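S.K.: My file is model-v3.pdb. It has PDB, N, CA and C atoms, pLDDT in the B column:
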```pdb
ATOM      1  N   MET V 900      13.265  -1.485  11.286  1.00 50.00           N
ATOM      2  CA  MET V 900      12.527  -2.657  10.872  1.00 50.00           C
ATOM      3  C   MET V 900      13.435  -3.876  10.995  1.00 50.00           C
ATOM      4  N   SER V 901      12.959  -4.887  11.597  1.00 50.00           N
ATOM      5  CA  SER V 901      13.721  -6.126  11.734  1.00 50.00           C
ATOM      6  C   SER V 901      13.816  -6.824  10.379  1.00 50.00           C
ATOM      7  N   SER V 902      14.943  -7.483  10.167  1.00 45.00           N
ATOM      8  CA  SER V 902      15.108  -8.187   8.895  1.00 45.00           C
ATOM      9  C   SER V 902      14.402  -9.543   8.905  1.00 45.00           C
ATOM     10  N   GLU V 903      13.914  -9.952  10.062  1.00 62.00           N
ATOM     11  CA  GLU V 903      13.204 -11.236  10.150  1.00 62.00           C
ATOM     12  C   GLU V 903      11.818 -11.090   9.520  1.00 62.00           C
ATOM     13  N   LYS V 904      11.373 -12.179   8.893  1.00 71.00           N
ATOM     14  CA  LYS V 904      10.015 -12.171   8.359  1.00 71.00           C
ATOM     15  C   LYS V 904       9.049 -12.268   9.529  1.00 71.00           C
ATOM     16  N   ARG V 905       7.978 -11.496   9.435  1.00 75.00           N
ATOM     17  CA  ARG V 905       6.987 -11.493  10.500  1.00 75.00           C
ATOM     18  C   ARG V 905       5.793 -12.350  10.104  1.00 75.00           C
ATOM     19  N   ALA V 906       5.025 -12.760  11.085  1.00 78.00           N
ATOM     20  CA  ALA V 906       3.843 -13.578  10.848  1.00 78.00           C
ATOM     21  C   ALA V 906       2.802 -12.774  10.067  1.00 78.00           C
ATOM     22  N   VAL V 907       2.108 -13.433   9.155  1.00 76.00           N
ATOM     23  CA  VAL V 907       1.087 -12.777   8.348  1.00 76.00           C
ATOM     24  C   VAL V 907       0.050 -12.113   9.245  1.00 76.00           C
ATOM     25  N   ARG V 908      -0.326 -12.756  10.320  1.00 79.00           N
ATOM     26  CA  ARG V 908      -1.331 -12.196  11.230  1.00 79.00           C
ATOM     27  C   ARG V 908      -0.881 -10.838  11.772  1.00 79.00           C
ATOM     28  N   GLU V 909       0.383 -10.720  12.110  1.00 78.00           N
ATOM     29  CA  GLU V 909       0.925  -9.463  12.628  1.00 78.00           C
ATOM     30  C   GLU V 909       0.920  -8.384  11.545  1.00 78.00           C
ATOM     31  N   ILE V 910       1.265  -8.750  10.331  1.00 71.00           N
ATOM     32  CA  ILE V 910       1.285  -7.812   9.216  1.00 71.00           C
ATOM     33  C   ILE V 910      -0.122  -7.294   8.940  1.00 71.00           C
ATOM     34  N   VAL V 911      -1.093  -8.201   8.885  1.00 70.00           N
ATOM     35  CA  VAL V 911      -2.470  -7.828   8.597  1.00 70.00           C
ATOM     36  C   VAL V 911      -3.017  -6.946   9.726  1.00 70.00           C
ATOM     37  N   ARG V 912      -2.654  -7.212  10.956  1.00 75.00           N
ATOM     38  CA  ARG V 912      -3.107  -6.433  12.106  1.00 75.00           C
ATOM     39  C   ARG V 912      -2.681  -4.970  11.973  1.00 75.00           C
ATOM     40  N   GLU V 913      -1.560  -4.716  11.348  1.00 77.00           N
ATOM     41  CA  GLU V 913      -1.050  -3.353  11.191  1.00 77.00           C
ATOM     42  C   GLU V 913      -1.708  -2.591  10.051  1.00 77.00           C
ATOM     43  N   GLU V 914      -2.556  -3.245   9.287  1.00 71.00           N
ATOM     44  CA  GLU V 914      -3.134  -2.616   8.099  1.00 71.00           C
ATOM     45  C   GLU V 914      -3.784  -1.278   8.416  1.00 71.00           C
ATOM     46  N   MET V 915      -4.597  -1.219   9.440  1.00 73.00           N
ATOM     47  CA  MET V 915      -5.286   0.028   9.765  1.00 73.00           C
ATOM     48  C   MET V 915      -4.294   1.110  10.171  1.00 73.00           C
ATOM     49  N   LEU V 916      -3.228   0.724  10.855  1.00 83.00           N
ATOM     50  CA  LEU V 916      -2.212   1.697  11.263  1.00 83.00           C
ATOM     51  C   LEU V 916      -1.441   2.227  10.054  1.00 83.00           C
ATOM     52  N   MET V 917      -1.265   1.384   9.056  1.00 92.00           N
ATOM     53  CA  MET V 917      -0.488   1.752   7.879  1.00 92.00           C
ATOM     54  C   MET V 917      -1.306   2.506   6.830  1.00 92.00           C
ATOM     55  N   ARG V 918      -2.612   2.444   6.937  1.00 92.00           N
ATOM     56  CA  ARG V 918      -3.467   3.065   5.928  1.00 92.00           C
ATOM     57  C   ARG V 918      -3.120   4.545   5.726  1.00 92.00           C
ATOM     58  N   ASP V 919      -2.999   5.302   6.805  1.00 92.00           N
ATOM     59  CA  ASP V 919      -2.696   6.731   6.673  1.00 92.00           C
ATOM     60  C   ASP V 919      -1.326   6.960   6.059  1.00 92.00           C
ATOM     61  N   LYS V 920      -0.347   6.134   6.421  1.00 95.00           N
ATOM     62  CA  LYS V 920       0.992   6.280   5.853  1.00 95.00           C
ATOM     63  C   LYS V 920       0.984   6.004   4.346  1.00 95.00           C
ATOM     64  N   ILE V 921       0.259   4.980   3.943  1.00 96.00           N
ATOM     65  CA  ILE V 921       0.183   4.638   2.524  1.00 96.00           C
ATOM     66  C   ILE V 921      -0.557   5.728   1.755  1.00 96.00           C
ATOM     67  N   LEU V 922      -1.665   6.206   2.303  1.00 96.00           N
ATOM     68  CA  LEU V 922      -2.411   7.264   1.626  1.00 96.00           C
ATOM     69  C   LEU V 922      -1.569   8.535   1.518  1.00 96.00           C
ATOM     70  N   ALA V 923      -0.766   8.820   2.524  1.00 95.00           N
ATOM     71  CA  ALA V 923       0.129   9.983   2.463  1.00 95.00           C
ATOM     72  C   ALA V 923       1.170   9.794   1.362  1.00 95.00           C
ATOM     73  N   ALA V 924       1.701   8.576   1.236  1.00 96.00           N
ATOM     74  CA  ALA V 924       2.690   8.289   0.193  1.00 96.00           C
ATOM     75  C   ALA V 924       2.071   8.463  -1.199  1.00 96.00           C
ATOM     76  N   LEU V 925       0.779   8.195  -1.305  1.00 97.00           N
ATOM     77  CA  LEU V 925       0.087   8.319  -2.588  1.00 97.00           C
ATOM     78  C   LEU V 925      -0.407   9.747  -2.847  1.00 97.00           C
ATOM     79  N   GLY V 926      -0.123  10.648  -1.921  1.00 94.00           N
ATOM     80  CA  GLY V 926      -0.601  12.023  -2.038  1.00 94.00           C
ATOM     81  C   GLY V 926      -0.109  12.758  -3.269  1.00 94.00           C
ATOM     82  N   ASP V 927       1.069  12.411  -3.754  1.00 91.00           N
ATOM     83  CA  ASP V 927       1.617  13.082  -4.943  1.00 91.00           C
ATOM     84  C   ASP V 927       1.287  12.352  -6.235  1.00 91.00           C
ATOM     85  N   GLY V 928       0.569  11.251  -6.131  1.00 95.00           N
ATOM     86  CA  GLY V 928       0.184  10.513  -7.327  1.00 95.00           C
ATOM     87  C   GLY V 928       0.369   9.021  -7.146  1.00 95.00           C
ATOM     88  N   PRO V 929      -0.111   8.242  -8.114  1.00 97.00           N
ATOM     89  CA  PRO V 929      -0.063   6.786  -8.026  1.00 97.00           C
ATOM     90  C   PRO V 929       1.362   6.243  -7.935  1.00 97.00           C
ATOM     91  N   LEU V 930       1.507   5.149  -7.179  1.00 97.00           N
ATOM     92  CA  LEU V 930       2.783   4.458  -7.006  1.00 97.00           C
ATOM     93  C   LEU V 930       2.570   2.950  -7.101  1.00 97.00           C
ATOM     94  N   THR V 931       3.614   2.238  -7.466  1.00 97.00           N
ATOM     95  CA  THR V 931       3.589   0.773  -7.435  1.00 97.00           C
ATOM     96  C   THR V 931       3.829   0.307  -6.001  1.00 97.00           C
ATOM     97  N   VAL V 932       3.554  -0.959  -5.741  1.00 97.00           N
ATOM     98  CA  VAL V 932       3.818  -1.517  -4.414  1.00 97.00           C
ATOM     99  C   VAL V 932       5.302  -1.368  -4.045  1.00 97.00           C
ATOM    100  N   PRO V 933       6.254  -1.689  -4.947  1.00 97.00           N
ATOM    101  CA  PRO V 933       7.659  -1.485  -4.586  1.00 97.00           C
ATOM    102  C   PRO V 933       7.997  -0.023  -4.287  1.00 97.00           C
ATOM    103  N   GLU V 934       7.380   0.905  -4.996  1.00 97.00           N
ATOM    104  CA  GLU V 934       7.623   2.325  -4.729  1.00 97.00           C
ATOM    105  C   GLU V 934       7.064   2.737  -3.374  1.00 97.00           C
ATOM    106  N   ILE V 935       5.890   2.234  -3.020  1.00 97.00           N
ATOM    107  CA  ILE V 935       5.304   2.513  -1.708  1.00 97.00           C
ATOM    108  C   ILE V 935       6.202   1.926  -0.620  1.00 97.00           C
ATOM    109  N   ALA V 936       6.665   0.699  -0.833  1.00 97.00           N
ATOM    110  CA  ALA V 936       7.541   0.039   0.142  1.00 97.00           C
ATOM    111  C   ALA V 936       8.811   0.851   0.366  1.00 97.00           C
ATOM    112  N   ASP V 937       9.410   1.339  -0.708  1.00 97.00           N
ATOM    113  CA  ASP V 937      10.615   2.168  -0.582  1.00 97.00           C
ATOM    114  C   ASP V 937      10.318   3.438   0.204  1.00 97.00           C
ATOM    115  N   ALA V 938       9.188   4.071  -0.096  1.00 97.00           N
ATOM    116  CA  ALA V 938       8.825   5.322   0.575  1.00 97.00           C
ATOM    117  C   ALA V 938       8.602   5.118   2.075  1.00 97.00           C
ATOM    118  N   LEU V 939       8.065   3.954   2.441  1.00 96.00           N
ATOM    119  CA  LEU V 939       7.747   3.690   3.845  1.00 96.00           C
ATOM    120  C   LEU V 939       8.847   2.952   4.593  1.00 96.00           C
ATOM    121  N   GLY V 940       9.763   2.343   3.848  1.00 96.00           N
ATOM    122  CA  GLY V 940      10.822   1.579   4.496  1.00 96.00           C
ATOM    123  C   GLY V 940      10.382   0.211   4.984  1.00 96.00           C
ATOM    124  N   TYR V 941       9.402  -0.374   4.304  1.00 93.00           N
ATOM    125  CA  TYR V 941       8.908  -1.711   4.647  1.00 93.00           C
ATOM    126  C   TYR V 941       9.149  -2.637   3.462  1.00 93.00           C
ATOM    127  N   PRO V 942       9.216  -3.942   3.719  1.00 94.00           N
ATOM    128  CA  PRO V 942       9.372  -4.892   2.614  1.00 94.00           C
ATOM    129  C   PRO V 942       8.128  -4.887   1.715  1.00 94.00           C
ATOM    130  N   ALA V 943       8.354  -5.078   0.427  1.00 95.00           N
ATOM    131  CA  ALA V 943       7.253  -5.054  -0.542  1.00 95.00           C
ATOM    132  C   ALA V 943       6.199  -6.116  -0.238  1.00 95.00           C
ATOM    133  N   TYR V 944       6.620  -7.290   0.271  1.00 91.00           N
ATOM    134  CA  TYR V 944       5.621  -8.334   0.535  1.00 91.00           C
ATOM    135  C   TYR V 944       4.654  -7.906   1.635  1.00 91.00           C
ATOM    136  N   GLU V 945       5.115  -7.094   2.602  1.00 90.00           N
ATOM    137  CA  GLU V 945       4.213  -6.594   3.647  1.00 90.00           C
ATOM    138  C   GLU V 945       3.297  -5.522   3.080  1.00 90.00           C
ATOM    139  N   VAL V 946       3.859  -4.618   2.290  1.00 93.00           N
ATOM    140  CA  VAL V 946       3.063  -3.547   1.692  1.00 93.00           C
ATOM    141  C   VAL V 946       1.985  -4.134   0.786  1.00 93.00           C
ATOM    142  N   MET V 947       2.286  -5.236   0.111  1.00 93.00           N
ATOM    143  CA  MET V 947       1.295  -5.886  -0.744  1.00 93.00           C
ATOM    144  C   MET V 947       0.058  -6.288   0.071  1.00 93.00           C
ATOM    145  N   TYR V 948       0.248  -6.851   1.265  1.00 88.00           N
ATOM    146  CA  TYR V 948      -0.900  -7.208   2.117  1.00 88.00           C
ATOM    147  C   TYR V 948      -1.738  -5.971   2.420  1.00 88.00           C
ATOM    148  N   TRP V 949      -1.065  -4.898   2.831  1.00 91.00           N
ATOM    149  CA  TRP V 949      -1.788  -3.685   3.212  1.00 91.00           C
ATOM    150  C   TRP V 949      -2.518  -3.085   2.024  1.00 91.00           C
ATOM    151  N   VAL V 950      -1.849  -2.979   0.881  1.00 94.00           N
ATOM    152  CA  VAL V 950      -2.468  -2.379  -0.299  1.00 94.00           C
ATOM    153  C   VAL V 950      -3.653  -3.227  -0.769  1.00 94.00           C
ATOM    154  N   MET V 951      -3.534  -4.530  -0.744  1.00 93.00           N
ATOM    155  CA  MET V 951      -4.647  -5.382  -1.179  1.00 93.00           C
ATOM    156  C   MET V 951      -5.833  -5.245  -0.233  1.00 93.00           C
ATOM    157  N   GLY V 952      -5.581  -5.099   1.051  1.00 90.00           N
ATOM    158  CA  GLY V 952      -6.673  -4.860   1.997  1.00 90.00           C
ATOM    159  C   GLY V 952      -7.337  -3.518   1.734  1.00 90.00           C
ATOM    160  N   MET V 953      -6.521  -2.506   1.465  1.00 93.00           N
ATOM    161  CA  MET V 953      -7.058  -1.184   1.177  1.00 93.00           C
ATOM    162  C   MET V 953      -7.835  -1.180  -0.138  1.00 93.00           C
ATOM    163  N   ARG V 954      -7.368  -1.976  -1.085  1.00 95.00           N
ATOM    164  CA  ARG V 954      -8.071  -2.109  -2.370  1.00 95.00           C
ATOM    165  C   ARG V 954      -9.434  -2.762  -2.146  1.00 95.00           C
ATOM    166  N   LYS V 955      -9.444  -3.813  -1.341  1.00 94.00           N
ATOM    167  CA  LYS V 955     -10.688  -4.537  -1.057  1.00 94.00           C
ATOM    168  C   LYS V 955     -11.751  -3.620  -0.450  1.00 94.00           C
ATOM    169  N   TYR V 956     -11.317  -2.699   0.409  1.00 92.00           N
ATOM    170  CA  TYR V 956     -12.264  -1.825   1.099  1.00 92.00           C
ATOM    171  C   TYR V 956     -12.391  -0.445   0.464  1.00 92.00           C
ATOM    172  N   GLY V 957     -11.862  -0.287  -0.757  1.00 94.00           N
ATOM    173  CA  GLY V 957     -12.105   0.921  -1.532  1.00 94.00           C
ATOM    174  C   GLY V 957     -11.265   2.132  -1.198  1.00 94.00           C
ATOM    175  N   TYR V 958     -10.133   1.944  -0.532  1.00 95.00           N
ATOM    176  CA  TYR V 958      -9.249   3.068  -0.221  1.00 95.00           C
ATOM    177  C   TYR V 958      -8.292   3.382  -1.363  1.00 95.00           C
ATOM    178  N   VAL V 959      -7.924   2.368  -2.138  1.00 97.00           N
ATOM    179  CA  VAL V 959      -7.039   2.548  -3.293  1.00 97.00           C
ATOM    180  C   VAL V 959      -7.583   1.741  -4.468  1.00 97.00           C
ATOM    181  N   SER V 960      -7.142   2.120  -5.663  1.00 96.00           N
ATOM    182  CA  SER V 960      -7.506   1.350  -6.855  1.00 96.00           C
ATOM    183  C   SER V 960      -6.355   1.408  -7.841  1.00 96.00           C
ATOM    184  N   GLU V 961      -6.377   0.466  -8.794  1.00 96.00           N
ATOM    185  CA  GLU V 961      -5.357   0.455  -9.839  1.00 96.00           C
ATOM    186  C   GLU V 961      -5.608   1.636 -10.755  1.00 96.00           C
ATOM    187  N   LYS V 962      -4.540   2.354 -11.064  1.00 94.00           N
ATOM    188  CA  LYS V 962      -4.665   3.524 -11.936  1.00 94.00           C
ATOM    189  C   LYS V 962      -4.040   3.287 -13.299  1.00 94.00           C
ATOM    190  N   GLU V 963      -2.937   2.581 -13.344  1.00 94.00           N
ATOM    191  CA  GLU V 963      -2.257   2.314 -14.616  1.00 94.00           C
ATOM    192  C   GLU V 963      -1.327   1.122 -14.448  1.00 94.00           C
ATOM    193  N   LEU V 964      -0.930   0.550 -15.559  1.00 95.00           N
ATOM    194  CA  LEU V 964      -0.011  -0.592 -15.580  1.00 95.00           C
ATOM    195  C   LEU V 964       1.318  -0.111 -16.148  1.00 95.00           C
ATOM    196  N   THR V 965       2.413  -0.388 -15.427  1.00 94.00           N
ATOM    197  CA  THR V 965       3.727   0.042 -15.902  1.00 94.00           C
ATOM    198  C   THR V 965       4.241  -0.932 -16.957  1.00 94.00           C
ATOM    199  N   ASP V 966       5.293  -0.519 -17.648  1.00 94.00           N
ATOM    200  CA  ASP V 966       5.910  -1.387 -18.657  1.00 94.00           C
ATOM    201  C   ASP V 966       6.486  -2.653 -18.023  1.00 94.00           C
ATOM    202  N   GLU V 967       6.825  -2.580 -16.726  1.00 91.00           N
ATOM    203  CA  GLU V 967       7.384  -3.733 -16.018  1.00 91.00           C
ATOM    204  C   GLU V 967       6.294  -4.689 -15.520  1.00 91.00           C
ATOM    205  N   GLY V 968       5.023  -4.319 -15.699  1.00 92.00           N
ATOM    206  CA  GLY V 968       3.920  -5.184 -15.297  1.00 92.00           C
ATOM    207  C   GLY V 968       3.394  -4.924 -13.899  1.00 92.00           C
ATOM    208  N   TYR V 969       3.816  -3.819 -13.283  1.00 92.00           N
ATOM    209  CA  TYR V 969       3.307  -3.445 -11.963  1.00 92.00           C
ATOM    210  C   TYR V 969       2.137  -2.490 -12.122  1.00 92.00           C
ATOM    211  N   TYR V 970       1.129  -2.641 -11.264  1.00 96.00           N
ATOM    212  CA  TYR V 970       0.062  -1.650 -11.229  1.00 96.00           C
ATOM    213  C   TYR V 970       0.516  -0.493 -10.361  1.00 96.00           C
ATOM    214  N   LYS V 971       0.126   0.712 -10.774  1.00 97.00           N
ATOM    215  CA  LYS V 971       0.293   1.889  -9.922  1.00 97.00           C
ATOM    216  C   LYS V 971      -1.050   2.081  -9.229  1.00 97.00           C
ATOM    217  N   TYR V 972      -0.998   2.204  -7.908  1.00 97.00           N
ATOM    218  CA  TYR V 972      -2.198   2.367  -7.104  1.00 97.00           C
ATOM    219  C   TYR V 972      -2.333   3.821  -6.696  1.00 97.00           C
ATOM    220  N   GLY V 973      -3.562   4.302  -6.683  1.00 97.00           N
ATOM    221  CA  GLY V 973      -3.843   5.661  -6.264  1.00 97.00           C
ATOM    222  C   GLY V 973      -4.944   5.659  -5.232  1.00 97.00           C
ATOM    223  N   ALA V 974      -4.970   6.727  -4.449  1.00 96.00           N
ATOM    224  CA  ALA V 974      -6.007   6.880  -3.422  1.00 96.00           C
ATOM    225  C   ALA V 974      -7.347   7.122  -4.103  1.00 96.00           C
ATOM    226  N   VAL V 975      -8.403   6.606  -3.488  1.00 95.00           N
ATOM    227  CA  VAL V 975      -9.763   6.799  -3.968  1.00 95.00           C
ATOM    228  C   VAL V 975     -10.436   7.831  -3.074  1.00 95.00           C
ATOM    229  N   ALA V 976     -11.050   8.836  -3.690  1.00 87.00           N
ATOM    230  CA  ALA V 976     -11.789   9.838  -2.915  1.00 87.00           C
ATOM    231  C   ALA V 976     -12.955   9.141  -2.238  1.00 87.00           C
ATOM    232  N   ARG V 977     -13.073   9.365  -0.936  1.00 77.00           N
ATOM    233  CA  ARG V 977     -14.145   8.721  -0.166  1.00 77.00           C
ATOM    234  C   ARG V 977     -15.018   9.781   0.480  1.00 77.00           C
ATOM    235  N   GLU V 978     -16.316   9.462   0.611  1.00 72.00           N
ATOM    236  CA  GLU V 978     -17.240  10.374   1.264  1.00 72.00           C
ATOM    237  C   GLU V 978     -16.827  10.600   2.703  1.00 72.00           C
ATOM    238  N   GLY V 979     -16.897  11.835   3.139  1.00 64.00           N
ATOM    239  CA  GLY V 979     -16.566  12.159   4.522  1.00 64.00           C
ATOM    240  C   GLY V 979     -15.085  12.262   4.783  1.00 64.00           C
ATOM    241  N   ALA V 980     -14.267  12.084   3.757  1.00 53.00           N
ATOM    242  CA  ALA V 980     -12.815  12.150   3.962  1.00 53.00           C
ATOM    243  C   ALA V 980     -12.285  13.510   3.573  1.00 53.00           C
TER     244      ALA V 980
END
```
Would it be possible to restate this file's structure as structure tokens?
M.R.:
Amino acid sequence: MSSEKRAVREIVREEMLMRDKILAALGDGPLTVPEIADALGYPAYEVMYWVMGMRKYGYVSEKELTDEGYYKYGAVAREGA
């Protein structure tokens, strides 16, 4: 991963490609955005875009709030999946 910040358009374009990776990371249970970022090796600000898109379209939802104020996101069971 390059240390340079990438354009938002490029990050958002990768959302569909990252969906399976994020859902796999959530396979063992809910994680915060920083935890997902660590698991995938991407910056948290990029993972936030992907997770919010997945939240909007019903792939993930907030499961709990940590003491640090982060939401833990978990995969949502979807029909046909």
S.K.: Would you mind listing what lies within 8 Å of region 924-938 of chain V as number ranges by chain, with only N, CA and C atoms counted and same-chain residues fewer than 4 positions away left out?
M.R.: V: 918-920, 942-947, 950, 962-963, 969-974
S.K.: Taking only C-alpha atoms into account, name the residue in V:Lys904, V:Glu909, V:Leu939, V:Met917 that is nearest to Gly952 (chain V).
M.R.: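 Closest candidate: V:Met917.
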S.K.: Please write out, as lines of an AutoDock Vina configuration file, where the centre of an axis-aligned box around all listed atoms of region 944-947 of chain V lies and how long its edges are, in Å to one decimal, after adding 6 Å on each side.
M.R.:
```
center_x = 3.3
center_y = -5.9
center_z = 1.5
size_x = 18.6
size_y = 16.8
size_z = 16.4
```
S.K.: Which residues in chain V does DSSP call strand (DSSP E)? List them as a list of chain:residue names.
M.R.: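 Those in chain V that DSSP calls strand (DSSP E) are V:Val959, V:Ser960, V:Glu961, V:Lys962, V:Glu963, V:Leu964, V:Tyr970, V:Lys971, V:Tyr972, V:Gly973, V:Ala974.
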S.K.: For the selection just defined, write its residues with N, CA and C atoms to a file, as a PDB file, in the frame of the given file.
M.R.:
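Written file, selection_27.pdb:
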```
ATOM      1  N   VAL V 959      -7.924   2.368  -2.138  1.00 97.00           N
ATOM      2  CA  VAL V 959      -7.039   2.548  -3.293  1.00 97.00           C
ATOM      3  C   VAL V 959      -7.583   1.741  -4.468  1.00 97.00           C
ATOM      4  N   SER V 960      -7.142   2.120  -5.663  1.00 96.00           N
ATOM      5  CA  SER V 960      -7.506   1.350  -6.855  1.00 96.00           C
ATOM      6  C   SER V 960      -6.355   1.408  -7.841  1.00 96.00           C
ATOM      7  N   GLU V 961      -6.377   0.466  -8.794  1.00 96.00           N
ATOM      8  CA  GLU V 961      -5.357   0.455  -9.839  1.00 96.00           C
ATOM      9  C   GLU V 961      -5.608   1.636 -10.755  1.00 96.00           C
ATOM     10  N   LYS V 962      -4.540   2.354 -11.064  1.00 94.00           N
ATOM     11  CA  LYS V 962      -4.665   3.524 -11.936  1.00 94.00           C
ATOM     12  C   LYS V 962      -4.040   3.287 -13.299  1.00 94.00           C
ATOM     13  N   GLU V 963      -2.937   2.581 -13.344  1.00 94.00           N
ATOM     14  CA  GLU V 963      -2.257   2.314 -14.616  1.00 94.00           C
ATOM     15  C   GLU V 963      -1.327   1.122 -14.448  1.00 94.00           C
ATOM     16  N   LEU V 964      -0.930   0.550 -15.559  1.00 95.00           N
ATOM     17  CA  LEU V 964      -0.011  -0.592 -15.580  1.00 95.00           C
ATOM     18  C   LEU V 964       1.318  -0.111 -16.148  1.00 95.00           C
ATOM     19  N   TYR V 970       1.129  -2.641 -11.264  1.00 96.00           N
ATOM     20  CA  TYR V 970       0.062  -1.650 -11.229  1.00 96.00           C
ATOM     21  C   TYR V 970       0.516  -0.493 -10.361  1.00 96.00           C
ATOM     22  N   LYS V 971       0.126   0.712 -10.774  1.00 97.00           N
ATOM     23  CA  LYS V 971       0.293   1.889  -9.922  1.00 97.00           C
ATOM     24  C   LYS V 971      -1.050   2.081  -9.229  1.00 97.00           C
ATOM     25  N   TYR V 972      -0.998   2.204  -7.908  1.00 97.00           N
ATOM     26  CA  TYR V 972      -2.198   2.367  -7.104  1.00 97.00           C
ATOM     27  C   TYR V 972      -2.333   3.821  -6.696  1.00 97.00           C
ATOM     28  N   GLY V 973      -3.562   4.302  -6.683  1.00 97.00           N
ATOM     29  CA  GLY V 973      -3.843   5.661  -6.264  1.00 97.00           C
ATOM     30  C   GLY V 973      -4.944   5.659  -5.232  1.00 97.00           C
ATOM     31  N   ALA V 974      -4.970   6.727  -4.449  1.00 96.00           N
ATOM     32  CA  ALA V 974      -6.007   6.880  -3.422  1.00 96.00           C
ATOM     33  C   ALA V 974      -7.347   7.122  -4.103  1.00 96.00           C
TER      34      ALA V 974
END
```
S.K.: Please identify all polymer residues lying at most 6.5 Å from the point (-14.0, 5.4, -0.8) (file coordinates), using only N, CA and C atoms, and present the result as an MDAnalysis selection string.
M.R.: chainID V and resid 956:958 975:978
S.K.: Could you save those same residues with N, CA and C atoms as a short mmCIF file (atom, residue, chain, number, x, y, z; two decimals), in the coordinates of the input?
M.R.:
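part-v3.cif was written with the following content:
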```
data_model
loop_
_atom_site.label_atom_id
_atom_site.label_comp_id
_atom_site.auth_asym_id
_atom_site.auth_seq_id
_atom_site.Cartn_x
_atom_site.Cartn_y
_atom_site.Cartn_z
N TYR V 956 -11.32 -2.70 0.41
CA TYR V 956 -12.26 -1.82 1.10
C TYR V 956 -12.39 -0.44 0.46
N GLY V 957 -11.86 -0.29 -0.76
CA GLY V 957 -12.10 0.92 -1.53
C GLY V 957 -11.26 2.13 -1.20
N TYR V 958 -10.13 1.94 -0.53
CA TYR V 958 -9.25 3.07 -0.22
C TYR V 958 -8.29 3.38 -1.36
N VAL V 975 -8.40 6.61 -3.49
CA VAL V 975 -9.76 6.80 -3.97
C VAL V 975 -10.44 7.83 -3.07
N ALA V 976 -11.05 8.84 -3.69
CA ALA V 976 -11.79 9.84 -2.92
C ALA V 976 -12.96 9.14 -2.24
N ARG V 977 -13.07 9.36 -0.94
CA ARG V 977 -14.14 8.72 -0.17
C ARG V 977 -15.02 9.78 0.48
N GLU V 978 -16.32 9.46 0.61
CA GLU V 978 -17.24 10.37 1.26
C GLU V 978 -16.83 10.60 2.70
#
```
S.K.: Taking the DSSP assignment computed from this structure's backbone, write out as a ChimeraX atom specification all residues of chain V that belong to alpha helix (DSSP H).
M.R.: /V:907-912,914-924,932-939,943-955
S.K.: For Met915 (chain V), which of V:Tyr941, V:Gly968, V:Lys955, V:Trp949 is the closest residue, counting only C-alpha atoms?
M.R.: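 For Met915 (chain V), the nearest of the candidates is V:Trp949.
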S.K.: Give me, please, the distance in Å between CA of Val959 (chain V) and CA of Glu913 (chain V), quoted to one decimal.
M.R.: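 Separation of CA of Val959 (chain V) and CA of Glu913 (chain V): 16.7 Å.
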S.K.: Counting all atoms listed in the file, figure out which residue out of V:Gly940, V:Arg954, V:Ser960, V:Tyr948 gets nearest to Val911 (chain V).
M.R.: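 When distances to Val911 (chain V) are compared using all atoms listed in the file, the smallest one comes from V:Tyr948.
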S.K.: Using atom C of Asp966 (chain V) and atom C of Met951 (chain V) as the two end points, give the distance in Å to one decimal.
M.R.: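 Here the two named atoms are 21.8 Å from each other.
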S.K.: Kindly give the distance, in Å, that separates atom N of Glu914 (chain V) and atom N of Met953 (chain V), rounded to a single decimal.
M.R.: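 Distance between the two atoms: 8.8 Å.
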